[in-house]
Amino acid sequence: MTRIDLRVPFAEKDDAKRLGARWDAVKKVWYVPAGLDSALFGKWLPREPEGNLRAPSYAIAQSAAPCWKCGRQAHAFSFLLPAGHEVLEDVAADESDEGIWEWVRVETPTIVHYVEQIPLPVQRQMSALSGNSYRLDYSKTTQSSYWMNHCHHCGMKQGDFGMHCEPGGAFMPMDEHAASGISLRFIGEPFAASCGGYSVDVDFLNHMRRF
Ligand SMILES: [Zn+2]
């Protein structure tokens, strides 16, 4: 059974403490200790799905990258969030503080990576477009499960690092020409995820095709 982390606003921390919530100084989060009924903490329980990024709409991004196993050019998929999406950030000024988590608006487009949780409707859209080649799988590198690409030729997992964390990777364009290798399908439905991400130059976004 996994620990339940709570979303406690700073002003309500004493209430949470009184009810028995514990403070994790490393993750800077209040949680329900073992043996206590989580229903006690109803108003602070995470809404499903729990995540650190949200947006009223999103795009499925398609690019291509050579498969490390079979060497053939394989489809690669990811998510792009338009400017105006929100990220959950610790806005506490003092590092010794207990953490004040707030949704902060981001004014640049973002491509996400190491996606751990996405809502079912988003999963369905992605599965349909990717032919189920983008799916939840276990990574030995990160020792965790996240949504990743699989080569549509040989089926091998294609981790996010090469595509998302190396300049020039399929989803890390360094110039407009590279950006034009990415296609976007905009979807007017809400997005939420637990994931990382990085900003994309707005000019690059204009060079991405629509599909
Ligand atoms: Zn392959």
# chains A, B, ... in the order shown; residues from 1 in each chain; ligands from 1
>>> residues_near_ligand(ligand="ligand 1", cutoff="10 Å", atoms="only C-alpha atoms and all ligand atoms", output="mmCIF file with N, CA and C atoms, in the first residue's frame")
data_model
loop_
_atom_site.group_PDB
_atom_site.id
_atom_site.type_symbol
_atom_site.label_atom_id
_atom_site.label_comp_id
_atom_site.auth_asym_id
_atom_site.auth_seq_id
_atom_site.Cartn_x
_atom_site.Cartn_y
_atom_site.Cartn_z
ATOM 1 N N PRO A 66 15.590 7.182 -34.334
ATOM 2 C CA PRO A 66 16.058 5.828 -34.644
ATOM 3 C C PRO A 66 15.975 4.933 -33.412
ATOM 4 N N CYS A 67 15.452 3.724 -33.606
ATOM 5 C CA CYS A 67 15.376 2.750 -32.515
ATOM 6 C C CYS A 67 16.785 2.303 -32.153
ATOM 7 N N TRP A 68 17.117 2.342 -30.849
ATOM 8 C CA TRP A 68 18.475 1.965 -30.416
ATOM 9 C C TRP A 68 18.734 0.492 -30.646
ATOM 10 N N LYS A 69 17.648 -0.306 -30.773
ATOM 11 C CA LYS A 69 17.812 -1.758 -30.907
ATOM 12 C C LYS A 69 17.920 -2.190 -32.372
ATOM 13 N N CYS A 70 16.914 -1.820 -33.177
ATOM 14 C CA CYS A 70 16.893 -2.307 -34.564
ATOM 15 C C CYS A 70 17.413 -1.270 -35.559
ATOM 16 N N GLY A 71 17.620 -0.027 -35.088
ATOM 17 C CA GLY A 71 18.219 0.983 -35.942
ATOM 18 C C GLY A 71 17.272 1.656 -36.913
ATOM 19 N N ARG A 72 16.034 1.164 -36.992
ATOM 20 C CA ARG A 72 15.102 1.772 -37.935
ATOM 21 C C ARG A 72 14.460 3.025 -37.335
ATOM 22 N N GLN A 73 14.027 3.909 -38.212
ATOM 23 C CA GLN A 73 13.367 5.141 -37.768
ATOM 24 C C GLN A 73 12.001 4.775 -37.195
ATOM 25 N N ALA A 74 11.748 5.154 -35.964
ATOM 26 C CA ALA A 74 10.496 4.763 -35.310
ATOM 27 C C ALA A 74 9.693 5.999 -34.911
ATOM 28 N N HIS A 150 7.517 2.833 -27.696
ATOM 29 C CA HIS A 150 8.021 1.515 -28.058
ATOM 30 C C HIS A 150 8.176 1.492 -29.570
ATOM 31 N N CYS A 151 9.289 0.953 -30.041
ATOM 32 C CA CYS A 151 9.548 0.894 -31.485
ATOM 33 C C CYS A 151 8.408 0.138 -32.177
ATOM 34 N N HIS A 152 7.829 0.757 -33.219
ATOM 35 C CA HIS A 152 6.718 0.066 -33.884
ATOM 36 C C HIS A 152 7.207 -1.017 -34.838
ATOM 37 N N HIS A 153 8.547 -1.134 -35.023
ATOM 38 C CA HIS A 153 9.097 -2.232 -35.829
ATOM 39 C C HIS A 153 9.386 -3.454 -34.957
ATOM 40 N N CYS A 154 10.170 -3.258 -33.886
ATOM 41 C CA CYS A 154 10.628 -4.402 -33.094
ATOM 42 C C CYS A 154 10.014 -4.463 -31.695
ATOM 43 N N GLY A 155 9.279 -3.411 -31.287
ATOM 44 C CA GLY A 155 8.601 -3.448 -29.988
ATOM 45 C C GLY A 155 9.447 -3.031 -28.806
ATOM 46 N N MET A 156 10.745 -2.721 -29.032
ATOM 47 C CA MET A 156 11.628 -2.391 -27.908
ATOM 48 C C MET A 156 11.284 -1.043 -27.277
ATOM 49 N N LYS A 157 11.411 -0.969 -25.938
ATOM 50 C CA LYS A 157 11.182 0.291 -25.218
ATOM 51 C C LYS A 157 12.163 1.363 -25.700
ATOM 52 N N GLN A 158 11.669 2.591 -25.798
ATOM 53 C CA GLN A 158 12.515 3.733 -26.159
ATOM 54 C C GLN A 158 12.377 4.752 -25.031
#
>>> closest_atom_pairs(of="region 26-136 of chain A", to="region 193-201 of chain A", cutoff="7 Å", atoms="only C-alpha atoms", output="CSV")
residue,atom,partner,partner_atom,distance
A:Glu50,CA,A:Ser194,CA,6.9
A:Gly51,CA,A:Ser194,CA,4.0
A:Asn52,CA,A:Ser194,CA,5.1
A:Leu53,CA,A:Ala193,CA,5.4
A:Arg54,CA,A:Ala193,CA,6.6
A:Thr108,CA,A:Ser199,CA,6.0
A:Pro109,CA,A:Val200,CA,5.5
A:Thr110,CA,A:Ser199,CA,4.4
A:Ile111,CA,A:Gly197,CA,5.5
A:Val112,CA,A:Gly197,CA,3.9
A:His113,CA,A:Gly196,CA,5.2
A:Tyr114,CA,A:Cys195,CA,5.3
A:Val115,CA,A:Cys195,CA,4.4
A:Glu116,CA,A:Ser194,CA,5.3
A:Gln117,CA,A:Ala193,CA,5.0
A:Ile118,CA,A:Ala193,CA,4.9
>>> closest_residue(among="A:Ser78, A:Arg7, A:Gln62, A:Ile187", to="Asp90 (chain A)", atoms="only C-alpha atoms")
A:Arg7
>>> atom_distance(atom1="CA of Phe191 (chain A)", atom2="CA of Ala55 (chain A)")
5.1 Å
>>> select_by_dssp(residues="region 7-183 of chain A", states="alpha helix (DSSP H)", output="VMD selection string")
chain A and resid 13 to 18 120 to 130 160 176 to 179
>>> write_last_selection(atoms="N, CA, C and O atoms", output="PDB file, in the first residue's frame")
ATOM      1  N   LYS A  13      -2.334  23.967   8.061  1.00  0.00           N
ATOM      2  CA  LYS A  13      -1.394  22.922   8.486  1.00  0.00           C
ATOM      3  C   LYS A  13      -1.614  22.482   9.928  1.00  0.00           C
ATOM      4  O   LYS A  13      -1.441  21.324  10.263  1.00  0.00           O
ATOM      5  N   ASP A  14      -2.018  23.437  10.799  1.00  0.00           N
ATOM      6  CA  ASP A  14      -2.229  23.073  12.202  1.00  0.00           C
ATOM      7  C   ASP A  14      -3.425  22.151  12.364  1.00  0.00           C
ATOM      8  O   ASP A  14      -3.430  21.251  13.203  1.00  0.00           O
ATOM      9  N   ASP A  15      -4.453  22.375  11.534  1.00  0.00           N
ATOM     10  CA  ASP A  15      -5.625  21.486  11.551  1.00  0.00           C
ATOM     11  C   ASP A  15      -5.216  20.074  11.147  1.00  0.00           C
ATOM     12  O   ASP A  15      -5.623  19.091  11.770  1.00  0.00           O
ATOM     13  N   ALA A  16      -4.416  19.981  10.103  1.00  0.00           N
ATOM     14  CA  ALA A  16      -3.979  18.674   9.611  1.00  0.00           C
ATOM     15  C   ALA A  16      -3.148  17.957  10.679  1.00  0.00           C
ATOM     16  O   ALA A  16      -3.318  16.769  10.932  1.00  0.00           O
ATOM     17  N   LYS A  17      -2.294  18.724  11.332  1.00  0.00           N
ATOM     18  CA  LYS A  17      -1.417  18.175  12.373  1.00  0.00           C
ATOM     19  C   LYS A  17      -2.262  17.631  13.538  1.00  0.00           C
ATOM     20  O   LYS A  17      -2.019  16.551  14.050  1.00  0.00           O
ATOM     21  N   ARG A  18      -3.265  18.412  13.925  1.00  0.00           N
ATOM     22  CA  ARG A  18      -4.130  18.038  15.036  1.00  0.00           C
ATOM     23  C   ARG A  18      -4.839  16.718  14.757  1.00  0.00           C
ATOM     24  O   ARG A  18      -5.057  15.901  15.646  1.00  0.00           O
ATOM     25  N   LEU A 120      -7.619   8.867 -17.792  1.00  0.00           N
ATOM     26  CA  LEU A 120      -8.061   7.875 -18.775  1.00  0.00           C
ATOM     27  C   LEU A 120      -8.398   8.470 -20.151  1.00  0.00           C
ATOM     28  O   LEU A 120      -7.988   7.905 -21.173  1.00  0.00           O
ATOM     29  N   PRO A 121      -9.125   9.590 -20.220  1.00  0.00           N
ATOM     30  CA  PRO A 121      -9.432  10.144 -21.555  1.00  0.00           C
ATOM     31  C   PRO A 121      -8.166  10.506 -22.341  1.00  0.00           C
ATOM     32  O   PRO A 121      -8.121  10.341 -23.561  1.00  0.00           O
ATOM     33  N   VAL A 122      -7.133  10.992 -21.635  1.00  0.00           N
ATOM     34  CA  VAL A 122      -5.864  11.330 -22.293  1.00  0.00           C
ATOM     35  C   VAL A 122      -5.176  10.040 -22.764  1.00  0.00           C
ATOM     36  O   VAL A 122      -4.630   9.975 -23.865  1.00  0.00           O
ATOM     37  N   GLN A 123      -5.218   9.020 -21.914  1.00  0.00           N
ATOM     38  CA  GLN A 123      -4.641   7.717 -22.299  1.00  0.00           C
ATOM     39  C   GLN A 123      -5.285   7.204 -23.580  1.00  0.00           C
ATOM     40  O   GLN A 123      -4.608   6.686 -24.469  1.00  0.00           O
ATOM     41  N   ARG A 124      -6.609   7.346 -23.664  1.00  0.00           N
ATOM     42  CA  ARG A 124      -7.341   6.828 -24.832  1.00  0.00           C
ATOM     43  C   ARG A 124      -6.945   7.578 -26.105  1.00  0.00           C
ATOM     44  O   ARG A 124      -6.728   6.968 -27.143  1.00  0.00           O
ATOM     45  N   GLN A 125      -6.839   8.908 -26.003  1.00  0.00           N
ATOM     46  CA  GLN A 125      -6.450   9.702 -27.180  1.00  0.00           C
ATOM     47  C   GLN A 125      -5.056   9.286 -27.648  1.00  0.00           C
ATOM     48  O   GLN A 125      -4.812   9.104 -28.838  1.00  0.00           O
ATOM     49  N   MET A 126      -4.133   9.150 -26.683  1.00  0.00           N
ATOM     50  CA  MET A 126      -2.761   8.798 -27.033  1.00  0.00           C
ATOM     51  C   MET A 126      -2.672   7.386 -27.608  1.00  0.00           C
ATOM     52  O   MET A 126      -1.974   7.154 -28.593  1.00  0.00           O
ATOM     53  N   SER A 127      -3.394   6.450 -27.013  1.00  0.00           N
ATOM     54  CA  SER A 127      -3.364   5.066 -27.510  1.00  0.00           C
ATOM     55  C   SER A 127      -3.871   4.999 -28.945  1.00  0.00           C
ATOM     56  O   SER A 127      -3.299   4.296 -29.786  1.00  0.00           O
ATOM     57  N   ALA A 128      -4.928   5.760 -29.220  1.00  0.00           N
ATOM     58  CA  ALA A 128      -5.502   5.730 -30.567  1.00  0.00           C
ATOM     59  C   ALA A 128      -4.513   6.284 -31.587  1.00  0.00           C
ATOM     60  O   ALA A 128      -4.318   5.708 -32.662  1.00  0.00           O
ATOM     61  N   LEU A 129      -3.859   7.408 -31.253  1.00  0.00           N
ATOM     62  CA  LEU A 129      -2.954   8.037 -32.216  1.00  0.00           C
ATOM     63  C   LEU A 129      -1.632   7.289 -32.348  1.00  0.00           C
ATOM     64  O   LEU A 129      -1.025   7.268 -33.412  1.00  0.00           O
ATOM     65  N   SER A 130      -1.157   6.702 -31.252  1.00  0.00           N
ATOM     66  CA  SER A 130       0.169   6.063 -31.275  1.00  0.00           C
ATOM     67  C   SER A 130       0.079   4.581 -31.616  1.00  0.00           C
ATOM     68  O   SER A 130       1.102   3.902 -31.690  1.00  0.00           O
ATOM     69  N   ASP A 160      12.852   7.947 -22.376  1.00  0.00           N
ATOM     70  CA  ASP A 160      12.693   9.384 -22.620  1.00  0.00           C
ATOM     71  C   ASP A 160      14.022  10.138 -22.703  1.00  0.00           C
ATOM     72  O   ASP A 160      14.068  11.211 -23.287  1.00  0.00           O
ATOM     73  N   GLU A 176      14.760  25.835 -35.799  1.00  0.00           N
ATOM     74  CA  GLU A 176      13.438  25.782 -36.413  1.00  0.00           C
ATOM     75  C   GLU A 176      13.284  24.578 -37.335  1.00  0.00           C
ATOM     76  O   GLU A 176      12.208  23.991 -37.443  1.00  0.00           O
ATOM     77  N   HIS A 177      14.376  24.213 -38.008  1.00  0.00           N
ATOM     78  CA  HIS A 177      14.303  23.054 -38.899  1.00  0.00           C
ATOM     79  C   HIS A 177      13.972  21.787 -38.105  1.00  0.00           C
ATOM     80  O   HIS A 177      13.116  21.002 -38.489  1.00  0.00           O
ATOM     81  N   ALA A 178      14.659  21.612 -36.979  1.00  0.00           N
ATOM     82  CA  ALA A 178      14.387  20.438 -36.134  1.00  0.00           C
ATOM     83  C   ALA A 178      12.954  20.492 -35.602  1.00  0.00           C
ATOM     84  O   ALA A 178      12.262  19.472 -35.542  1.00  0.00           O
ATOM     85  N   ALA A 179      12.509  21.698 -35.253  1.00  0.00           N
ATOM     86  CA  ALA A 179      11.142  21.846 -34.739  1.00  0.00           C
ATOM     87  C   ALA A 179      10.117  21.430 -35.791  1.00  0.00           C
ATOM     88  O   ALA A 179       9.056  20.879 -35.462  1.00  0.00           O
TER      89      ALA A 179
END
>>> select_by_dssp(residues="region 43-131 of chain A", states="strand (DSSP E or B)", output="MDAnalysis selection string")
chainID A and resid 53:55 58:66 73:81 85:90 101:106 110:117
>>> closest_atom_pairs(of="region 69-107 of chain A", to="region 144-148 of chain A", cutoff="12 Å", atoms="only C-alpha atoms", output="Markdown table")
| residue | atom | partner | partner_atom | distance |
| --- | --- | --- | --- | --- |
| A:His75 | CA | A:Met148 | CA | 11.6 |
| A:Ala76 | CA | A:Met148 | CA | 8.9 |
| A:Phe77 | CA | A:Met148 | CA | 8.3 |
| A:Ser78 | CA | A:Met148 | CA | 8.4 |
| A:Phe79 | CA | A:Trp147 | CA | 10.8 |
>>> atom_distance(atom1="CA of Lys28 (chain A)", atom2="CA of Ile100 (chain A)")
8.7 Å
>>> decode(residues="region 46-90 of chain A", atoms="N, CA and C atoms", output="PDB file, in the first residue's frame")
ATOM      1  N   PRO A  46      -5.700  13.996  -2.316  1.00  0.00           N
ATOM      2  CA  PRO A  46      -5.435  14.388  -3.699  1.00  0.00           C
ATOM      3  C   PRO A  46      -6.617  14.026  -4.593  1.00  0.00           C
ATOM      4  N   ARG A  47      -6.915  14.924  -5.488  1.00  0.00           N
ATOM      5  CA  ARG A  47      -7.929  14.610  -6.485  1.00  0.00           C
ATOM      6  C   ARG A  47      -7.287  13.702  -7.522  1.00  0.00           C
ATOM      7  N   GLU A  48      -8.063  12.779  -8.029  1.00  0.00           N
ATOM      8  CA  GLU A  48      -7.514  11.882  -9.048  1.00  0.00           C
ATOM      9  C   GLU A  48      -7.533  12.551 -10.402  1.00  0.00           C
ATOM     10  N   PRO A  49      -6.513  12.393 -11.221  1.00  0.00           N
ATOM     11  CA  PRO A  49      -5.257  11.817 -10.819  1.00  0.00           C
ATOM     12  C   PRO A  49      -4.380  12.850 -10.138  1.00  0.00           C
ATOM     13  N   GLU A  50      -3.585  12.414  -9.214  1.00  0.00           N
ATOM     14  CA  GLU A  50      -2.644  13.293  -8.552  1.00  0.00           C
ATOM     15  C   GLU A  50      -1.600  13.724  -9.581  1.00  0.00           C
ATOM     16  N   GLY A  51      -1.194  14.939  -9.539  1.00  0.00           N
ATOM     17  CA  GLY A  51      -0.195  15.363 -10.516  1.00  0.00           C
ATOM     18  C   GLY A  51       0.377  16.720 -10.185  1.00  0.00           C
ATOM     19  N   ASN A  52       1.377  17.127 -10.947  1.00  0.00           N
ATOM     20  CA  ASN A  52       2.031  18.403 -10.704  1.00  0.00           C
ATOM     21  C   ASN A  52       1.899  19.328 -11.904  1.00  0.00           C
ATOM     22  N   LEU A  53       1.124  18.905 -12.901  1.00  0.00           N
ATOM     23  CA  LEU A  53       0.961  19.713 -14.100  1.00  0.00           C
ATOM     24  C   LEU A  53      -0.467  19.574 -14.592  1.00  0.00           C
ATOM     25  N   ARG A  54      -1.080  20.680 -15.017  1.00  0.00           N
ATOM     26  CA  ARG A  54      -2.444  20.589 -15.516  1.00  0.00           C
ATOM     27  C   ARG A  54      -2.694  21.660 -16.570  1.00  0.00           C
ATOM     28  N   ALA A  55      -3.643  21.386 -17.445  1.00  0.00           N
ATOM     29  CA  ALA A  55      -3.953  22.319 -18.527  1.00  0.00           C
ATOM     30  C   ALA A  55      -5.372  22.061 -19.017  1.00  0.00           C
ATOM     31  N   PRO A  56      -6.066  23.120 -19.467  1.00  0.00           N
ATOM     32  CA  PRO A  56      -7.427  22.920 -19.993  1.00  0.00           C
ATOM     33  C   PRO A  56      -7.436  22.225 -21.350  1.00  0.00           C
ATOM     34  N   SER A  57      -6.304  22.251 -22.056  1.00  0.00           N
ATOM     35  CA  SER A  57      -6.199  21.549 -23.336  1.00  0.00           C
ATOM     36  C   SER A  57      -4.743  21.163 -23.545  1.00  0.00           C
ATOM     37  N   TYR A  58      -4.498  20.320 -24.534  1.00  0.00           N
ATOM     38  CA  TYR A  58      -3.129  19.851 -24.768  1.00  0.00           C
ATOM     39  C   TYR A  58      -2.978  19.423 -26.216  1.00  0.00           C
ATOM     40  N   ALA A  59      -1.765  19.062 -26.582  1.00  0.00           N
ATOM     41  CA  ALA A  59      -1.532  18.515 -27.921  1.00  0.00           C
ATOM     42  C   ALA A  59      -0.735  17.231 -27.791  1.00  0.00           C
ATOM     43  N   ILE A  60      -1.053  16.279 -28.663  1.00  0.00           N
ATOM     44  CA  ILE A  60      -0.196  15.100 -28.788  1.00  0.00           C
ATOM     45  C   ILE A  60       0.845  15.442 -29.844  1.00  0.00           C
ATOM     46  N   ALA A  61       2.119  15.279 -29.482  1.00  0.00           N
ATOM     47  CA  ALA A  61       3.222  15.615 -30.379  1.00  0.00           C
ATOM     48  C   ALA A  61       3.792  14.339 -30.969  1.00  0.00           C
ATOM     49  N   GLN A  62       4.009  14.374 -32.282  1.00  0.00           N
ATOM     50  CA  GLN A  62       4.607  13.208 -32.944  1.00  0.00           C
ATOM     51  C   GLN A  62       5.925  13.622 -33.581  1.00  0.00           C
ATOM     52  N   SER A  63       6.955  12.795 -33.367  1.00  0.00           N
ATOM     53  CA  SER A  63       8.249  13.014 -33.982  1.00  0.00           C
ATOM     54  C   SER A  63       8.780  11.638 -34.402  1.00  0.00           C
ATOM     55  N   ALA A  64      10.064  11.537 -34.637  1.00  0.00           N
ATOM     56  CA  ALA A  64      10.640  10.247 -35.004  1.00  0.00           C
ATOM     57  C   ALA A  64      12.065  10.172 -34.489  1.00  0.00           C
ATOM     58  N   ALA A  65      12.493   8.967 -34.159  1.00  0.00           N
ATOM     59  CA  ALA A  65      13.853   8.770 -33.665  1.00  0.00           C
ATOM     60  C   ALA A  65      14.297   7.354 -34.038  1.00  0.00           C
ATOM     61  N   PRO A  66      15.590   7.182 -34.334  1.00  0.00           N
ATOM     62  CA  PRO A  66      16.058   5.828 -34.644  1.00  0.00           C
ATOM     63  C   PRO A  66      15.975   4.933 -33.412  1.00  0.00           C
ATOM     64  N   CYS A  67      15.452   3.724 -33.606  1.00  0.00           N
ATOM     65  CA  CYS A  67      15.376   2.750 -32.515  1.00  0.00           C
ATOM     66  C   CYS A  67      16.785   2.303 -32.153  1.00  0.00           C
ATOM     67  N   TRP A  68      17.117   2.342 -30.849  1.00  0.00           N
ATOM     68  CA  TRP A  68      18.475   1.965 -30.416  1.00  0.00           C
ATOM     69  C   TRP A  68      18.734   0.492 -30.646  1.00  0.00           C
ATOM     70  N   LYS A  69      17.648  -0.306 -30.773  1.00  0.00           N
ATOM     71  CA  LYS A  69      17.812  -1.758 -30.907  1.00  0.00           C
ATOM     72  C   LYS A  69      17.920  -2.190 -32.372  1.00  0.00           C
ATOM     73  N   CYS A  70      16.914  -1.820 -33.177  1.00  0.00           N
ATOM     74  CA  CYS A  70      16.893  -2.307 -34.564  1.00  0.00           C
ATOM     75  C   CYS A  70      17.413  -1.270 -35.559  1.00  0.00           C
ATOM     76  N   GLY A  71      17.620  -0.027 -35.088  1.00  0.00           N
ATOM     77  CA  GLY A  71      18.219   0.983 -35.942  1.00  0.00           C
ATOM     78  C   GLY A  71      17.272   1.656 -36.913  1.00  0.00           C
ATOM     79  N   ARG A  72      16.034   1.164 -36.992  1.00  0.00           N
ATOM     80  CA  ARG A  72      15.102   1.772 -37.935  1.00  0.00           C
ATOM     81  C   ARG A  72      14.460   3.025 -37.335  1.00  0.00           C
ATOM     82  N   GLN A  73      14.027   3.909 -38.212  1.00  0.00           N
ATOM     83  CA  GLN A  73      13.367   5.141 -37.768  1.00  0.00           C
ATOM     84  C   GLN A  73      12.001   4.775 -37.195  1.00  0.00           C
ATOM     85  N   ALA A  74      11.748   5.154 -35.964  1.00  0.00           N
ATOM     86  CA  ALA A  74      10.496   4.763 -35.310  1.00  0.00           C
ATOM     87  C   ALA A  74       9.693   5.999 -34.911  1.00  0.00           C
ATOM     88  N   HIS A  75       8.367   5.853 -34.899  1.00  0.00           N
ATOM     89  CA  HIS A  75       7.499   6.939 -34.423  1.00  0.00           C
ATOM     90  C   HIS A  75       7.806   7.231 -32.965  1.00  0.00           C
ATOM     91  N   ALA A  76       7.680   8.479 -32.589  1.00  0.00           N
ATOM     92  CA  ALA A  76       7.846   8.854 -31.184  1.00  0.00           C
ATOM     93  C   ALA A  76       6.732   9.830 -30.832  1.00  0.00           C
ATOM     94  N   PHE A  77       6.155   9.648 -29.664  1.00  0.00           N
ATOM     95  CA  PHE A  77       5.041  10.494 -29.241  1.00  0.00           C
ATOM     96  C   PHE A  77       5.323  11.125 -27.885  1.00  0.00           C
ATOM     97  N   SER A  78       4.701  12.284 -27.678  1.00  0.00           N
ATOM     98  CA  SER A  78       4.784  12.944 -26.381  1.00  0.00           C
ATOM     99  C   SER A  78       3.595  13.906 -26.263  1.00  0.00           C
ATOM    100  N   PHE A  79       3.587  14.681 -25.189  1.00  0.00           N
ATOM    101  CA  PHE A  79       2.533  15.672 -24.996  1.00  0.00           C
ATOM    102  C   PHE A  79       3.141  17.068 -24.960  1.00  0.00           C
ATOM    103  N   LEU A  80       2.452  18.004 -25.590  1.00  0.00           N
ATOM    104  CA  LEU A  80       2.834  19.415 -25.498  1.00  0.00           C
ATOM    105  C   LEU A  80       1.682  20.186 -24.867  1.00  0.00           C
ATOM    106  N   LEU A  81       2.012  21.022 -23.889  1.00  0.00           N
ATOM    107  CA  LEU A  81       1.002  21.851 -23.236  1.00  0.00           C
ATOM    108  C   LEU A  81       1.172  23.292 -23.697  1.00  0.00           C
ATOM    109  N   PRO A  82       0.083  23.915 -24.154  1.00  0.00           N
ATOM    110  CA  PRO A  82       0.178  25.297 -24.633  1.00  0.00           C
ATOM    111  C   PRO A  82       0.523  26.251 -23.492  1.00  0.00           C
ATOM    112  N   ALA A  83       0.960  27.451 -23.838  1.00  0.00           N
ATOM    113  CA  ALA A  83       1.175  28.508 -22.846  1.00  0.00           C
ATOM    114  C   ALA A  83      -0.104  28.695 -22.040  1.00  0.00           C
ATOM    115  N   GLY A  84       0.051  28.955 -20.748  1.00  0.00           N
ATOM    116  CA  GLY A  84      -1.124  29.144 -19.904  1.00  0.00           C
ATOM    117  C   GLY A  84      -1.453  27.913 -19.072  1.00  0.00           C
ATOM    118  N   HIS A  85      -0.685  26.831 -19.243  1.00  0.00           N
ATOM    119  CA  HIS A  85      -0.897  25.664 -18.386  1.00  0.00           C
ATOM    120  C   HIS A  85      -0.334  25.974 -16.990  1.00  0.00           C
ATOM    121  N   GLU A  86      -0.567  25.090 -16.052  1.00  0.00           N
ATOM    122  CA  GLU A  86      -0.146  25.361 -14.680  1.00  0.00           C
ATOM    123  C   GLU A  86       0.722  24.243 -14.116  1.00  0.00           C
ATOM    124  N   VAL A  87       1.674  24.647 -13.281  1.00  0.00           N
ATOM    125  CA  VAL A  87       2.552  23.688 -12.628  1.00  0.00           C
ATOM    126  C   VAL A  87       2.477  23.910 -11.120  1.00  0.00           C
ATOM    127  N   LEU A  88       2.451  22.819 -10.377  1.00  0.00           N
ATOM    128  CA  LEU A  88       2.395  22.899  -8.922  1.00  0.00           C
ATOM    129  C   LEU A  88       3.800  23.169  -8.400  1.00  0.00           C
ATOM    130  N   GLU A  89       3.970  24.331  -7.755  1.00  0.00           N
ATOM    131  CA  GLU A  89       5.314  24.718  -7.308  1.00  0.00           C
ATOM    132  C   GLU A  89       5.317  25.082  -5.840  1.00  0.00           C
ATOM    133  N   ASP A  90       6.447  24.808  -5.231  1.00  0.00           N
ATOM    134  CA  ASP A  90       6.652  25.241  -3.858  1.00  0.00           C
ATOM    135  C   ASP A  90       7.063  26.705  -3.901  1.00  0.00           C
TER     136      ASP A  90
END
